[in-house]
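What follows is a short report on a single structure.
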Amino acid sequence: MFKSSTTAIPEALAVPRHIAIIMDGNGRWATKRLLPRVAGHVKGVEAVRGVVEHCVERGVEYLTLFAFSSENWRRPAEEVSLLMKLFVTALEREVAKMHANNIRLKVVGDLSRFDPKLQEMISAAERRTANNTRLTVSVCANYGGRWDIMQATSKMVAANPGVTEYTEEMLAPHLAMAYAPEPDLFIRTGGEERISNFLLWQLAYSELYFTRTFWPDFSKASLDEAIASFQERERRFGQTGDQVAKKAGSASKA
């Protein structure tokens with residue numbers, strides 16, 4: 001179990017241990033080029049590949065990608081169907097490469113709404129990569145932050161019959177991403193500046209970075225810019241700047 005940023009002060013790191021990304025702008029990228037929206041999603045898969053590679057190079061341990069929210073079912077049925085097919089294709093093409101590079105895959109969300117074939121592919125991919133340690137890539141699919149908190153609450157209550165008062169420590173093991181530390185850096189591409197029901201619990205003390213770059217154009221250099229911005233932040237976690245400076249000074253003398 002990883003400690004919560006509201007109950008303990010995380011270690012200050014030069015490179016984020018965990019990066020979470022809302023990959024926004026695929027459809028608009030395609031529209032600007034007079035292409036069907038699905039072309040943007042296909043191009044977006046290529047961007048994922050590059051970012052995964054660069055996270056390995058930079059020493060990032062966890063990468064979480066918001067692929068399909070619980071609200072995305074509201075999109076046109078044809079686009080949703082194409083996204084599901086793209087998900088299957090990506091699993092078929094990428095899992096073997098991920099496994100060969102010691103990368104673990106996790107798919108997080110309410111998977112019960114997906115086609116049984118896709119559910120089995122997801123399960124098989126997770127089993128195949130379960131013991132890999134170089135980088136954990138989590139793909140959030142049919143995921144919503146409120147869904148996560150509600151499902152965790154239900155499990156917590158069921159696991160503690162008769163209890164009427166609860167703590168963070170009791171809830172945390174039931175969250176969908178209990179296996180990962182809270183994100184240090186949150187990135188959203190595409191120009192929008194909102195969280196959009198993504199990791200509502202886990203982003204409590206994450207550094208937020210917004211860029212107008214559409215996801216298909218988000219490159220290794222783009223990721224470096226986001227990490228550089230992160231490195232300029234003073235992460236206080238409720239402390240004063242003087243307290244942070246004194247701790248940093250003490251650490252450098254040790």
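Labeling convention for the structure tokens: chains A, B, ... as they appear, residues from 1 per chain, ligands from 1 in order of appearance.
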Determine, counting only C-alpha atoms, which protein, DNA and RNA residues have an atom within 6 Å of an atom of range 142-149 of chain A; residues of the same chain fewer than 4 positions away are not included. Present the result as a ChimeraX atom specification.
/A:68-70,109-110,197-200
Could you tell me, as an MDAnalysis selection string, which residues of range 1-235 of chain A DSSP assigns to alpha helix (DSSP H) when given the backbone?
chainID A and resid 26:32 37:58 77:100 116:129 145:159 168:171 220:231
Could you turn the residues from that selection into a file that holds C-alpha atoms, as a short mmCIF file (atom, residue, chain, number, x, y, z; two decimals), in the first residue's frame?
```
data_model
loop_
_atom_site.label_atom_id
_atom_site.label_comp_id
_atom_site.auth_asym_id
_atom_site.auth_seq_id
_atom_site.Cartn_x
_atom_site.Cartn_y
_atom_site.Cartn_z
CA ASN A 26 -7.76 13.33 -31.10
CA GLY A 27 -11.02 14.24 -32.82
CA ARG A 28 -10.13 17.93 -33.24
CA TRP A 29 -6.69 16.96 -34.59
CA ALA A 30 -8.43 14.94 -37.30
CA THR A 31 -11.10 17.56 -38.04
CA LYS A 32 -8.45 20.23 -38.64
CA ARG A 37 -12.41 11.56 -36.14
CA VAL A 38 -11.29 7.94 -35.89
CA ALA A 39 -8.10 8.91 -37.78
CA GLY A 40 -7.19 11.06 -34.80
CA HIS A 41 -7.70 8.15 -32.43
CA VAL A 42 -5.49 5.92 -34.59
CA LYS A 43 -2.78 8.59 -34.59
CA GLY A 44 -3.24 8.92 -30.84
CA VAL A 45 -2.19 5.30 -30.35
CA GLU A 46 1.15 6.18 -31.96
CA ALA A 47 1.57 9.03 -29.47
CA VAL A 48 0.93 6.58 -26.62
CA ARG A 49 3.75 4.39 -27.88
CA GLY A 50 6.19 7.31 -27.89
CA VAL A 51 5.21 8.51 -24.42
CA VAL A 52 5.52 5.00 -22.97
CA GLU A 53 9.01 4.70 -24.44
CA HIS A 54 10.05 8.07 -23.05
CA CYS A 55 8.66 7.33 -19.59
CA VAL A 56 10.95 4.29 -19.52
CA GLU A 57 13.88 6.46 -20.62
CA ARG A 58 13.15 9.11 -17.95
CA ALA A 77 -22.60 5.11 -31.40
CA GLU A 78 -20.42 4.78 -34.52
CA GLU A 79 -17.49 6.51 -32.82
CA VAL A 80 -17.84 4.38 -29.68
CA SER A 81 -17.88 1.22 -31.81
CA LEU A 82 -14.74 2.31 -33.64
CA LEU A 83 -13.02 3.10 -30.34
CA MET A 84 -13.80 -0.40 -29.07
CA LYS A 85 -12.35 -1.93 -32.24
CA LEU A 86 -9.26 0.25 -31.88
CA PHE A 87 -8.86 -0.94 -28.29
CA VAL A 88 -8.90 -4.56 -29.48
CA THR A 89 -6.38 -3.81 -32.25
CA ALA A 90 -4.07 -1.98 -29.84
CA LEU A 91 -4.13 -4.93 -27.43
CA GLU A 92 -3.34 -7.33 -30.26
CA ARG A 93 -0.41 -5.25 -31.48
CA GLU A 94 1.11 -3.76 -28.35
CA VAL A 95 0.93 -6.31 -25.52
CA ALA A 96 3.71 -8.54 -26.85
CA LYS A 97 5.98 -5.49 -27.24
CA MET A 98 5.17 -4.30 -23.74
CA HIS A 99 5.92 -7.71 -22.29
CA ALA A 100 9.22 -7.93 -24.18
CA PRO A 116 -16.82 -10.50 -23.47
CA LYS A 117 -14.06 -10.97 -26.06
CA LEU A 118 -12.51 -7.63 -25.10
CA GLN A 119 -12.82 -8.46 -21.40
CA GLU A 120 -10.94 -11.72 -21.94
CA MET A 121 -8.24 -9.97 -23.99
CA ILE A 122 -7.76 -7.48 -21.18
CA SER A 123 -7.55 -10.24 -18.58
CA ALA A 124 -5.05 -12.20 -20.68
CA ALA A 125 -2.87 -9.11 -21.22
CA GLU A 126 -2.83 -8.34 -17.50
CA ARG A 127 -1.89 -11.91 -16.64
CA ARG A 128 0.87 -12.00 -19.25
CA THR A 129 2.52 -8.79 -18.00
CA GLY A 145 -13.54 9.15 -10.48
CA ARG A 146 -16.95 9.15 -8.80
CA TRP A 147 -17.53 5.53 -9.84
CA ASP A 148 -14.18 4.65 -8.28
CA ILE A 149 -14.99 6.29 -4.95
CA MET A 150 -18.47 4.73 -4.85
CA GLN A 151 -17.29 1.20 -5.68
CA ALA A 152 -14.49 1.51 -3.11
CA THR A 153 -16.96 2.74 -0.49
CA SER A 154 -19.28 -0.20 -1.15
CA LYS A 155 -16.42 -2.67 -0.77
CA MET A 156 -15.18 -0.96 2.40
CA VAL A 157 -18.60 -1.11 4.02
CA ALA A 158 -19.01 -4.79 3.05
CA ALA A 159 -15.58 -5.59 4.49
CA GLU A 168 -8.93 6.99 4.60
CA GLU A 169 -6.81 3.99 5.46
CA MET A 170 -9.91 1.77 5.41
CA LEU A 171 -11.05 3.07 2.01
CA LYS A 220 8.74 13.07 -26.24
CA ALA A 221 9.77 16.74 -26.28
CA SER A 222 6.25 17.66 -25.09
CA LEU A 223 6.60 15.26 -22.18
CA ASP A 224 9.98 16.77 -21.33
CA GLU A 225 8.36 20.23 -21.21
CA ALA A 226 5.72 18.95 -18.80
CA ILE A 227 8.36 17.36 -16.57
CA ALA A 228 10.42 20.57 -16.67
CA SER A 229 7.36 22.50 -15.49
CA PHE A 230 6.89 19.96 -12.68
CA GLN A 231 10.51 20.45 -11.61
#
```
Which neighbours of Met177 in chain A fall inside 10 Å, counting only C-alpha atoms, when residues of the same chain fewer than 2 positions from it are skipped, and could you give them as a list in words?
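Surrounding residues, per the criterion: Thr64, Lys106, Val107, Val108, Gly109, Ser138, Cys140, Asp148, Ala172, Pro173, His174, Leu175, Tyr179, Ala180, Pro181, Glu182, Leu199 and Gln202 of chain A.
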Closest of A:Ile21, A:Leu111, A:Asn101, A:Pro10 to Phe210 in chain A - atom-to-atom distances counting only C-alpha atoms
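Distance minimum relative to Phe210 in chain A lands on A:Ile21.
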Between CA of Arg212 in chain A and CA of Ile195 in chain A, what is the spacing in Å?
15.0 Å
